[in-house]
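All remarks here apply to the structure that follows.
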Amino acid sequence: MTQAQLPEDLRTTTSIDPETIPFARLERDWGTTYMKLLRLSVPENSFTNIIRYPAGVTLATHLHTGTVDVYTFEGRWRYLEYDWEATAGSYAHEPAGTVHTLRIEEETLAMFIVNGGFVYFGPNGEFLRYQDAATTLKDCQAALARDGLELPAAVYEQD
């Protein structure tokens with residue numbers, strides 16, 4: 001019996017205490033949201049965040065170019081196009097190519113694991129904006145800077 005050769009570890013596993021990461025106050029067309037960016041990779045075009053949404057927020061309809069996994073810590077939200085609601089303890093998986101409109105029914109705290117980008121559309125189907133890891137990093141850093149805060153460097157990878 002031969003022993004398998006494990007490949008050399010080419011990367012470093014990191015750990016960061018989420019309590020050390022401030023919430024960025026993001027002013028969007030659909031309202032103010034608060035994002036705590038836990039991990040972001042520009043090369044992989046992926047990120048993980050915790051978002052606090054106030055009740056009543058409705059995001060613009062958007063297309064996911066990659067998958068999204070969502071765990072809801074507290075609150076209640078839904079997609080206008082589906083007949084289910086997420087509540088505390090709910091998990092949802094969004095396949096690449098889904099198009100939907102997020103509506104926050106109660107103040108919500110949820111974690112999103114995002115791969116790829118979002119294409120946001122206006123009420124008549126017109127293109128509004130594109131959001132991905134690079135633009136999310138830029139938006140978070142700018143929002144934190146406005147409040148005199150900064151994102152810990154351990155959170156993001158740009159190269």
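Labeling convention for the structure tokens: chains A, B, ... as they appear, residues from 1 per chain, ligands from 1 in order of appearance.
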
Query raised in the report: If you count only C-alpha atoms, which residues fall within 9 Å of A:Arg129, apart from same-chain ones fewer than 4 positions away, as a PyMOL selection string?
Result: chain A and resi 118-121

Just-selected residues, all heavy atoms written as a compact mmCIF listing (two decimals), in the first residue's frame:
```
# COMPACT_ATOMS: atom_id res chain seq x y z
N PHE A 118 -23.63 41.21 -10.05
CA PHE A 118 -25.05 41.50 -10.15
C PHE A 118 -25.22 42.52 -11.27
O PHE A 118 -24.46 43.48 -11.34
CB PHE A 118 -25.58 42.18 -8.88
CG PHE A 118 -25.35 41.44 -7.61
CD1 PHE A 118 -24.16 41.59 -6.91
CD2 PHE A 118 -26.33 40.64 -7.09
CE1 PHE A 118 -23.96 40.94 -5.72
CE2 PHE A 118 -26.14 39.98 -5.89
CZ PHE A 118 -24.95 40.12 -5.20
N VAL A 119 -26.23 42.34 -12.08
CA VAL A 119 -26.62 43.34 -13.06
C VAL A 119 -27.97 43.88 -12.59
O VAL A 119 -28.94 43.12 -12.51
CB VAL A 119 -26.73 42.76 -14.48
CG1 VAL A 119 -27.14 43.84 -15.48
CG2 VAL A 119 -25.43 42.07 -14.89
N TYR A 120 -28.01 45.16 -12.23
CA TYR A 120 -29.24 45.79 -11.74
C TYR A 120 -29.99 46.46 -12.88
O TYR A 120 -29.37 47.09 -13.75
CB TYR A 120 -28.91 46.84 -10.67
CG TYR A 120 -28.47 46.23 -9.36
CD1 TYR A 120 -27.12 46.13 -9.05
CD2 TYR A 120 -29.39 45.75 -8.45
CE1 TYR A 120 -26.70 45.57 -7.85
CE2 TYR A 120 -28.99 45.19 -7.26
CZ TYR A 120 -27.65 45.10 -6.96
OH TYR A 120 -27.24 44.54 -5.77
N PHE A 121 -31.32 46.31 -12.84
CA PHE A 121 -32.18 46.85 -13.89
C PHE A 121 -33.19 47.83 -13.30
O PHE A 121 -33.64 47.67 -12.17
CB PHE A 121 -32.94 45.72 -14.59
CG PHE A 121 -32.04 44.72 -15.26
CD1 PHE A 121 -31.70 43.54 -14.62
CD2 PHE A 121 -31.51 44.98 -16.51
CE1 PHE A 121 -30.86 42.62 -15.22
CE2 PHE A 121 -30.67 44.06 -17.13
CZ PHE A 121 -30.34 42.88 -16.48
```

Using only C-alpha atoms, find each residue of stretch 75-106 of chain A with at least one atom at most 9 Å away from an atom of stretch 37-61 of chain A; report its shortest atom-to-atom pair and that distance in Å (one decimal), sort the rows by chain and rising residue number, and return the result as a Markdown table.
```
| residue | atom | partner | partner_atom | distance |
| --- | --- | --- | --- | --- |
| A:Gly75 | CA | A:Ala55 | CA | 8.7 |
| A:Arg76 | CA | A:Ala55 | CA | 8.7 |
| A:Trp77 | CA | A:Ala55 | CA | 8.8 |
| A:Val99 | CA | A:Thr61 | CA | 6.9 |
| A:His100 | CA | A:Thr61 | CA | 5.3 |
| A:Thr101 | CA | A:Thr61 | CA | 4.3 |
| A:Leu102 | CA | A:Leu59 | CA | 5.3 |
| A:Arg103 | CA | A:Thr58 | CA | 4.4 |
| A:Ile104 | CA | A:Val57 | CA | 5.3 |
| A:Glu105 | CA | A:Ala55 | CA | 5.4 |
| A:Glu106 | CA | A:Ala55 | CA | 4.4 |
```

Please write the residues from the selection above to a file, keeping all heavy atoms, as an mmCIF file, in the first residue's frame.
```
data_model
loop_
_atom_site.group_PDB
_atom_site.id
_atom_site.type_symbol
_atom_site.label_atom_id
_atom_site.label_comp_id
_atom_site.auth_asym_id
_atom_site.auth_seq_id
_atom_site.Cartn_x
_atom_site.Cartn_y
_atom_site.Cartn_z
ATOM 1 N N GLY A 75 -34.926 38.617 11.095
ATOM 2 C CA GLY A 75 -35.756 39.390 10.176
ATOM 3 C C GLY A 75 -36.538 38.517 9.215
ATOM 4 O O GLY A 75 -36.643 37.297 9.369
ATOM 5 N N ARG A 76 -37.060 39.188 8.173
ATOM 6 C CA ARG A 76 -37.913 38.525 7.189
ATOM 7 C C ARG A 76 -37.774 39.256 5.864
ATOM 8 O O ARG A 76 -37.906 40.470 5.798
ATOM 9 C CB ARG A 76 -39.363 38.561 7.680
ATOM 10 C CG ARG A 76 -40.326 37.741 6.869
ATOM 11 C CD ARG A 76 -41.676 37.592 7.592
ATOM 12 N NE ARG A 76 -42.289 38.852 7.944
ATOM 13 C CZ ARG A 76 -43.152 39.519 7.176
ATOM 14 N NH1 ARG A 76 -43.506 39.034 6.012
ATOM 15 N NH2 ARG A 76 -43.656 40.657 7.586
ATOM 16 N N TRP A 77 -37.511 38.497 4.802
ATOM 17 C CA TRP A 77 -37.370 39.054 3.466
ATOM 18 C C TRP A 77 -37.906 38.058 2.454
ATOM 19 O O TRP A 77 -38.129 36.896 2.759
ATOM 20 C CB TRP A 77 -35.922 39.424 3.156
ATOM 21 C CG TRP A 77 -34.956 38.276 3.216
ATOM 22 C CD1 TRP A 77 -34.281 37.832 4.325
ATOM 23 C CD2 TRP A 77 -34.559 37.427 2.144
ATOM 24 N NE1 TRP A 77 -33.493 36.757 3.997
ATOM 25 C CE2 TRP A 77 -33.649 36.489 2.658
ATOM 26 C CE3 TRP A 77 -34.877 37.364 0.794
ATOM 27 C CZ2 TRP A 77 -33.048 35.506 1.877
ATOM 28 C CZ3 TRP A 77 -34.285 36.375 0.009
ATOM 29 C CH2 TRP A 77 -33.379 35.467 0.549
ATOM 30 N N VAL A 99 -32.971 35.909 -11.729
ATOM 31 C CA VAL A 99 -33.348 37.318 -11.802
ATOM 32 C C VAL A 99 -34.487 37.522 -10.824
ATOM 33 O O VAL A 99 -35.501 36.831 -10.899
ATOM 34 C CB VAL A 99 -33.816 37.720 -13.220
ATOM 35 C CG1 VAL A 99 -34.228 39.189 -13.260
ATOM 36 C CG2 VAL A 99 -32.737 37.429 -14.248
ATOM 37 N N HIS A 100 -34.307 38.464 -9.888
ATOM 38 C CA HIS A 100 -35.355 38.689 -8.888
ATOM 39 C C HIS A 100 -35.214 40.051 -8.225
ATOM 40 O O HIS A 100 -34.239 40.758 -8.428
ATOM 41 C CB HIS A 100 -35.374 37.573 -7.836
ATOM 42 C CG HIS A 100 -34.024 37.182 -7.360
ATOM 43 N ND1 HIS A 100 -33.559 35.893 -7.421
ATOM 44 C CD2 HIS A 100 -33.019 37.899 -6.835
ATOM 45 C CE1 HIS A 100 -32.334 35.839 -6.935
ATOM 46 N NE2 HIS A 100 -31.986 37.035 -6.573
ATOM 47 N N THR A 101 -36.233 40.370 -7.398
ATOM 48 C CA THR A 101 -36.343 41.663 -6.741
ATOM 49 C C THR A 101 -36.465 41.422 -5.238
ATOM 50 O O THR A 101 -37.466 40.865 -4.781
ATOM 51 C CB THR A 101 -37.595 42.416 -7.250
ATOM 52 O OG1 THR A 101 -37.595 42.393 -8.680
ATOM 53 C CG2 THR A 101 -37.621 43.843 -6.749
ATOM 54 N N LEU A 102 -35.453 41.792 -4.479
ATOM 55 C CA LEU A 102 -35.412 41.554 -3.035
ATOM 56 C C LEU A 102 -36.232 42.604 -2.291
ATOM 57 O O LEU A 102 -36.045 43.810 -2.499
ATOM 58 C CB LEU A 102 -33.959 41.602 -2.548
ATOM 59 C CG LEU A 102 -33.713 41.439 -1.060
ATOM 60 C CD1 LEU A 102 -34.093 40.055 -0.583
ATOM 61 C CD2 LEU A 102 -32.258 41.718 -0.741
ATOM 62 N N ARG A 103 -37.136 42.139 -1.431
ATOM 63 C CA ARG A 103 -37.979 43.017 -0.610
ATOM 64 C C ARG A 103 -37.776 42.654 0.852
ATOM 65 O O ARG A 103 -37.914 41.497 1.244
ATOM 66 C CB ARG A 103 -39.447 42.825 -0.995
ATOM 67 C CG ARG A 103 -40.449 43.426 -0.045
ATOM 68 C CD ARG A 103 -40.615 44.892 -0.268
ATOM 69 N NE ARG A 103 -41.589 45.394 0.711
ATOM 70 C CZ ARG A 103 -41.736 46.638 1.010
ATOM 71 N NH1 ARG A 103 -41.004 47.548 0.416
ATOM 72 N NH2 ARG A 103 -42.619 47.020 1.891
ATOM 73 N N ILE A 104 -37.418 43.650 1.683
ATOM 74 C CA ILE A 104 -37.200 43.437 3.109
ATOM 75 C C ILE A 104 -38.506 43.742 3.834
ATOM 76 O O ILE A 104 -38.977 44.878 3.834
ATOM 77 C CB ILE A 104 -36.059 44.345 3.633
ATOM 78 C CG1 ILE A 104 -34.782 44.129 2.817
ATOM 79 C CG2 ILE A 104 -35.838 44.102 5.116
ATOM 80 C CD1 ILE A 104 -34.243 42.721 2.817
ATOM 81 N N GLU A 105 -39.088 42.719 4.445
ATOM 82 C CA GLU A 105 -40.364 42.860 5.139
ATOM 83 C C GLU A 105 -40.186 43.334 6.581
ATOM 84 O O GLU A 105 -41.013 44.077 7.098
ATOM 85 C CB GLU A 105 -41.132 41.539 5.104
ATOM 86 C CG GLU A 105 -41.424 41.034 3.700
ATOM 87 C CD GLU A 105 -42.322 41.953 2.894
ATOM 88 O OE1 GLU A 105 -43.034 42.796 3.466
ATOM 89 O OE2 GLU A 105 -42.302 41.843 1.651
ATOM 90 N N GLU A 106 -39.135 42.857 7.259
ATOM 91 C CA GLU A 106 -38.783 43.274 8.623
ATOM 92 C C GLU A 106 -37.284 43.546 8.625
ATOM 93 O O GLU A 106 -36.556 42.967 7.819
ATOM 94 C CB GLU A 106 -39.045 42.143 9.628
ATOM 95 C CG GLU A 106 -40.471 41.742 9.780
ATOM 96 C CD GLU A 106 -40.618 40.522 10.700
ATOM 97 O OE1 GLU A 106 -39.608 39.973 11.174
ATOM 98 O OE2 GLU A 106 -41.775 40.122 10.921
#
```

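Residues within 8 Å of stretch 19-29 of chain A, counting only C-alpha atoms and excluding same-chain residues fewer than 5 positions away, are A:Tyr34, A:Met35, A:Lys36, A:Leu37, A:Leu38, A:Asp139, A:Cys140, A:Gln141, A:Ala143, A:Leu144, A:Leu149, A:Glu150, A:Leu151, A:Pro152.
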
Limited to N, CA, C and O atoms, could you put the picked residues into a file as an mmCIF file, in the first residue's frame?
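Output saved as again29.cif:
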```
data_model
loop_
_atom_site.group_PDB
_atom_site.id
_atom_site.type_symbol
_atom_site.label_atom_id
_atom_site.label_comp_id
_atom_site.auth_asym_id
_atom_site.auth_seq_id
_atom_site.Cartn_x
_atom_site.Cartn_y
_atom_site.Cartn_z
ATOM 1 N N TYR A 34 -26.472 48.459 5.476
ATOM 2 C CA TYR A 34 -25.239 48.395 6.262
ATOM 3 C C TYR A 34 -24.547 47.079 5.966
ATOM 4 O O TYR A 34 -25.124 46.011 6.179
ATOM 5 N N MET A 35 -23.312 47.153 5.431
ATOM 6 C CA MET A 35 -22.588 45.965 5.010
ATOM 7 C C MET A 35 -21.311 45.776 5.823
ATOM 8 O O MET A 35 -20.511 46.697 5.948
ATOM 9 N N LYS A 36 -21.149 44.575 6.332
ATOM 10 C CA LYS A 36 -19.911 44.160 6.994
ATOM 11 C C LYS A 36 -19.255 43.165 6.040
ATOM 12 O O LYS A 36 -19.748 42.052 5.840
ATOM 13 N N LEU A 37 -18.184 43.586 5.402
ATOM 14 C CA LEU A 37 -17.501 42.762 4.415
ATOM 15 C C LEU A 37 -16.533 41.824 5.141
ATOM 16 O O LEU A 37 -15.563 42.274 5.743
ATOM 17 N N LEU A 38 -16.815 40.522 5.133
ATOM 18 C CA LEU A 38 -15.999 39.545 5.855
ATOM 19 C C LEU A 38 -14.819 39.037 5.048
ATOM 20 O O LEU A 38 -13.762 38.741 5.598
ATOM 21 N N ASP A 139 -16.814 50.496 -3.007
ATOM 22 C CA ASP A 139 -17.949 51.116 -2.318
ATOM 23 C C ASP A 139 -17.801 51.034 -0.797
ATOM 24 O O ASP A 139 -18.076 52.000 -0.087
ATOM 25 N N CYS A 140 -17.394 49.866 -0.309
ATOM 26 C CA CYS A 140 -17.231 49.688 1.146
ATOM 27 C C CYS A 140 -16.121 50.584 1.696
ATOM 28 O O CYS A 140 -16.295 51.215 2.737
ATOM 29 N N GLN A 141 -14.998 50.593 1.018
ATOM 30 C CA GLN A 141 -13.886 51.425 1.486
ATOM 31 C C GLN A 141 -14.279 52.898 1.499
ATOM 32 O O GLN A 141 -13.963 53.616 2.446
ATOM 33 N N ALA A 143 -17.350 54.187 1.751
ATOM 34 C CA ALA A 143 -18.358 54.411 2.792
ATOM 35 C C ALA A 143 -17.713 54.444 4.170
ATOM 36 O O ALA A 143 -18.040 55.294 5.003
ATOM 37 N N LEU A 144 -16.802 53.540 4.426
ATOM 38 C CA LEU A 144 -16.115 53.523 5.728
ATOM 39 C C LEU A 144 -15.264 54.776 5.906
ATOM 40 O O LEU A 144 -15.241 55.371 6.990
ATOM 41 N N LEU A 149 -13.520 55.403 9.181
ATOM 42 C CA LEU A 149 -13.181 54.011 9.465
ATOM 43 C C LEU A 149 -12.471 53.403 8.270
ATOM 44 O O LEU A 149 -12.465 53.973 7.177
ATOM 45 N N GLU A 150 -11.890 52.230 8.470
ATOM 46 C CA GLU A 150 -11.304 51.534 7.335
ATOM 47 C C GLU A 150 -11.508 50.037 7.466
ATOM 48 O O GLU A 150 -11.728 49.512 8.557
ATOM 49 N N LEU A 151 -11.439 49.384 6.332
ATOM 50 C CA LEU A 151 -11.605 47.945 6.252
ATOM 51 C C LEU A 151 -10.277 47.279 6.583
ATOM 52 O O LEU A 151 -9.248 47.648 6.020
ATOM 53 N N PRO A 152 -10.245 46.303 7.494
ATOM 54 C CA PRO A 152 -8.989 45.605 7.770
ATOM 55 C C PRO A 152 -8.453 44.948 6.495
ATOM 56 O O PRO A 152 -9.217 44.338 5.737
#
```

Query - Separation of atom CA of A:Thr72 from atom CA of A:Met111 in Å - result: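 Atom-to-atom, atom CA of A:Met111 and atom CA of A:Thr72 are spaced 6.4 Å apart.
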
Query - Atomic separation - atom CA of A:Thr12 relative to atom CA of A:Val155, Å - result: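 For atom CA of A:Val155 relative to atom CA of A:Thr12, the distance reads 13.0 Å.
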
Report task. Enumerate, as a VMD selection string, the complete set of residues in chain A that a backbone-based DSSP assignment places in strand (DSSP E). Result -> chain A and resid 24 to 28 31 to 41 46 to 53 61 to 64 68 to 79 85 to 87 91 to 94 99 to 100 102 to 115 118 to 121 127 to 131 156 to 157

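We find atom CA of A:Asn124 and atom CA of A:Glu85 to be spaced 25.3 Å apart.
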
Report task. For A:Gly66, list every protein, DNA or RNA residue within 7 Å, evaluated using only C-alpha atoms, and leave out those in the same chain fewer than 5 positions away; present the list as number ranges by chain. Result -> A: 95-97, 115-117

Query - Of the listed residues A:Tyr156, A:Glu94, A:Arg78, A:Thr136, that which approaches A:Ser15 most closely, counting only C-alpha atoms - result: A:Tyr156

Query raised in the report: For A:Ser90, which residue among A:Glu74, A:Asp147, A:Glu157, A:Asp132 is the nearest when counting only C-alpha atoms?
Result: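 When distances to A:Ser90 are compared using only C-alpha atoms, the smallest one comes from A:Glu74.
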
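Looking only at chain A, the set that DSSP places in helix (DSSP H, G or I) from backbone geometry is Pro18, Glu19, Thr20, Ala133, Ala134, Thr135, Thr136, Leu137, Lys138, Asp139, Cys140, Gln141, Ala142, Ala143, Leu144, Ala145, Arg146, Ala153, Ala154 and Val155 of chain A.
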
Okay, now the selection with all heavy atoms, as a tab-separated table (two decimals), in the first residue's frame?
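out-v9.tsv, freshly written:
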```
chain	number	residue	atom	x	y	z
A	18	PRO	N	-15.15	38.74	13.09
A	18	PRO	CA	-16.12	39.66	12.48
A	18	PRO	C	-16.40	40.89	13.33
A	18	PRO	O	-16.78	41.93	12.80
A	18	PRO	CB	-17.38	38.80	12.33
A	18	PRO	CG	-16.88	37.41	12.26
A	18	PRO	CD	-15.68	37.38	13.17
A	19	GLU	N	-16.21	40.79	14.64
A	19	GLU	CA	-16.45	41.94	15.51
A	19	GLU	C	-15.46	43.07	15.26
A	19	GLU	O	-15.71	44.21	15.65
A	19	GLU	CB	-16.43	41.51	16.98
A	19	GLU	CG	-17.54	40.55	17.37
A	19	GLU	CD	-18.94	41.12	17.13
A	19	GLU	OE1	-19.16	42.31	17.44
A	19	GLU	OE2	-19.79	40.37	16.62
A	20	THR	N	-14.32	42.77	14.62
A	20	THR	CA	-13.32	43.80	14.34
A	20	THR	C	-13.59	44.54	13.02
A	20	THR	O	-12.87	45.47	12.68
A	20	THR	CB	-11.90	43.20	14.28
A	20	THR	OG1	-11.82	42.31	13.14
A	20	THR	CG2	-11.56	42.45	15.56
A	133	ALA	N	-17.11	42.04	-7.08
A	133	ALA	CA	-16.18	42.12	-5.96
A	133	ALA	C	-15.40	43.44	-5.97
A	133	ALA	O	-15.26	44.09	-4.93
A	133	ALA	CB	-15.22	40.93	-5.96
A	134	ALA	N	-14.90	43.84	-7.13
A	134	ALA	CA	-14.10	45.07	-7.20
A	134	ALA	C	-14.92	46.30	-6.85
A	134	ALA	O	-14.47	47.16	-6.08
A	134	ALA	CB	-13.49	45.22	-8.60
A	135	THR	N	-16.14	46.41	-7.37
A	135	THR	CA	-16.96	47.58	-7.06
A	135	THR	C	-17.47	47.54	-5.62
A	135	THR	O	-17.61	48.58	-4.99
A	135	THR	CB	-18.15	47.72	-8.04
A	135	THR	OG1	-18.96	46.55	-7.96
A	135	THR	CG2	-17.66	47.93	-9.47
A	136	THR	N	-17.70	46.34	-5.10
A	136	THR	CA	-18.12	46.21	-3.70
A	136	THR	C	-17.01	46.67	-2.77
A	136	THR	O	-17.26	47.39	-1.80
A	136	THR	CB	-18.53	44.75	-3.38
A	136	THR	OG1	-19.67	44.42	-4.20
A	136	THR	CG2	-18.88	44.57	-1.92
A	137	LEU	N	-15.77	46.27	-3.05
A	137	LEU	CA	-14.63	46.71	-2.24
A	137	LEU	C	-14.51	48.23	-2.29
A	137	LEU	O	-14.38	48.89	-1.24
A	137	LEU	CB	-13.35	46.05	-2.74
A	137	LEU	CG	-12.07	46.47	-2.03
A	137	LEU	CD1	-12.12	46.14	-0.53
A	137	LEU	CD2	-10.85	45.80	-2.69
A	138	LYS	N	-14.58	48.80	-3.47
A	138	LYS	CA	-14.46	50.26	-3.63
A	138	LYS	C	-15.58	50.98	-2.85
A	138	LYS	O	-15.33	51.94	-2.13
A	138	LYS	CB	-14.52	50.61	-5.11
A	138	LYS	CG	-14.39	52.07	-5.41
A	138	LYS	CD	-14.46	52.32	-6.91
A	138	LYS	CE	-14.52	53.80	-7.20
A	138	LYS	NZ	-14.71	54.08	-8.62
A	139	ASP	N	-16.81	50.50	-3.01
A	139	ASP	CA	-17.95	51.12	-2.32
A	139	ASP	C	-17.80	51.03	-0.80
A	139	ASP	O	-18.08	52.00	-0.09
A	139	ASP	CB	-19.26	50.45	-2.73
A	139	ASP	CG	-19.66	50.74	-4.17
A	139	ASP	OD1	-19.02	51.59	-4.82
A	139	ASP	OD2	-20.63	50.11	-4.63
A	140	CYS	N	-17.39	49.87	-0.31
A	140	CYS	CA	-17.23	49.69	1.15
A	140	CYS	C	-16.12	50.58	1.70
A	140	CYS	O	-16.30	51.22	2.74
A	140	CYS	CB	-16.91	48.23	1.47
A	140	CYS	SG	-18.34	47.30	1.96
A	141	GLN	N	-15.00	50.59	1.02
A	141	GLN	CA	-13.89	51.43	1.49
A	141	GLN	C	-14.28	52.90	1.50
A	141	GLN	O	-13.96	53.62	2.45
A	141	GLN	CB	-12.65	51.20	0.61
A	141	GLN	CG	-12.01	49.85	0.87
A	141	GLN	CD	-10.85	49.56	-0.06
A	141	GLN	OE1	-10.89	49.87	-1.26
A	141	GLN	NE2	-9.80	48.94	0.47
A	142	ALA	N	-14.96	53.37	0.48
A	142	ALA	CA	-15.38	54.78	0.42
A	142	ALA	C	-16.39	55.09	1.53
A	142	ALA	O	-16.30	56.13	2.18
A	142	ALA	CB	-15.97	55.09	-0.95
A	143	ALA	N	-17.35	54.19	1.75
A	143	ALA	CA	-18.36	54.41	2.79
A	143	ALA	C	-17.71	54.44	4.17
A	143	ALA	O	-18.04	55.29	5.00
A	143	ALA	CB	-19.43	53.33	2.73
A	144	LEU	N	-16.80	53.54	4.43
A	144	LEU	CA	-16.12	53.52	5.73
A	144	LEU	C	-15.26	54.78	5.91
A	144	LEU	O	-15.24	55.37	6.99
A	144	LEU	CB	-15.26	52.26	5.87
A	144	LEU	CG	-16.05	50.96	6.04
A	144	LEU	CD1	-15.11	49.76	5.91
A	144	LEU	CD2	-16.76	50.94	7.38
A	145	ALA	N	-14.57	55.20	4.85
A	145	ALA	CA	-13.73	56.41	4.93
A	145	ALA	C	-14.56	57.63	5.27
A	145	ALA	O	-14.11	58.49	6.04
A	145	ALA	CB	-12.98	56.61	3.61
A	146	ARG	N	-15.78	57.73	4.74
A	146	ARG	CA	-16.66	58.86	5.06
A	146	ARG	C	-16.96	58.92	6.56
A	146	ARG	O	-17.21	59.99	7.10
A	146	ARG	CB	-17.97	58.78	4.28
A	146	ARG	CG	-17.88	59.25	2.85
A	146	ARG	CD	-19.24	59.41	2.20
A	146	ARG	NE	-20.03	58.20	2.17
A	146	ARG	CZ	-19.96	57.26	1.23
A	146	ARG	NH1	-19.13	57.42	0.22
A	146	ARG	NH2	-20.72	56.20	1.29
A	153	ALA	N	-7.16	45.09	6.24
A	153	ALA	CA	-6.55	44.57	5.03
A	153	ALA	C	-6.70	43.06	4.91
A	153	ALA	O	-6.71	42.51	3.79
A	153	ALA	CB	-5.07	44.96	4.97
A	154	ALA	N	-6.83	42.35	6.02
A	154	ALA	CA	-6.97	40.88	5.99
A	154	ALA	C	-8.27	40.44	5.33
A	154	ALA	O	-8.41	39.28	4.96
A	154	ALA	CB	-6.89	40.33	7.41
A	155	VAL	N	-9.20	41.35	5.14
A	155	VAL	CA	-10.51	41.01	4.58
A	155	VAL	C	-10.45	40.79	3.07
A	155	VAL	O	-11.16	39.98	2.52
A	155	VAL	CB	-11.54	42.11	4.90
A	155	VAL	CG1	-12.82	41.95	4.11
A	155	VAL	CG2	-11.83	42.13	6.39
```
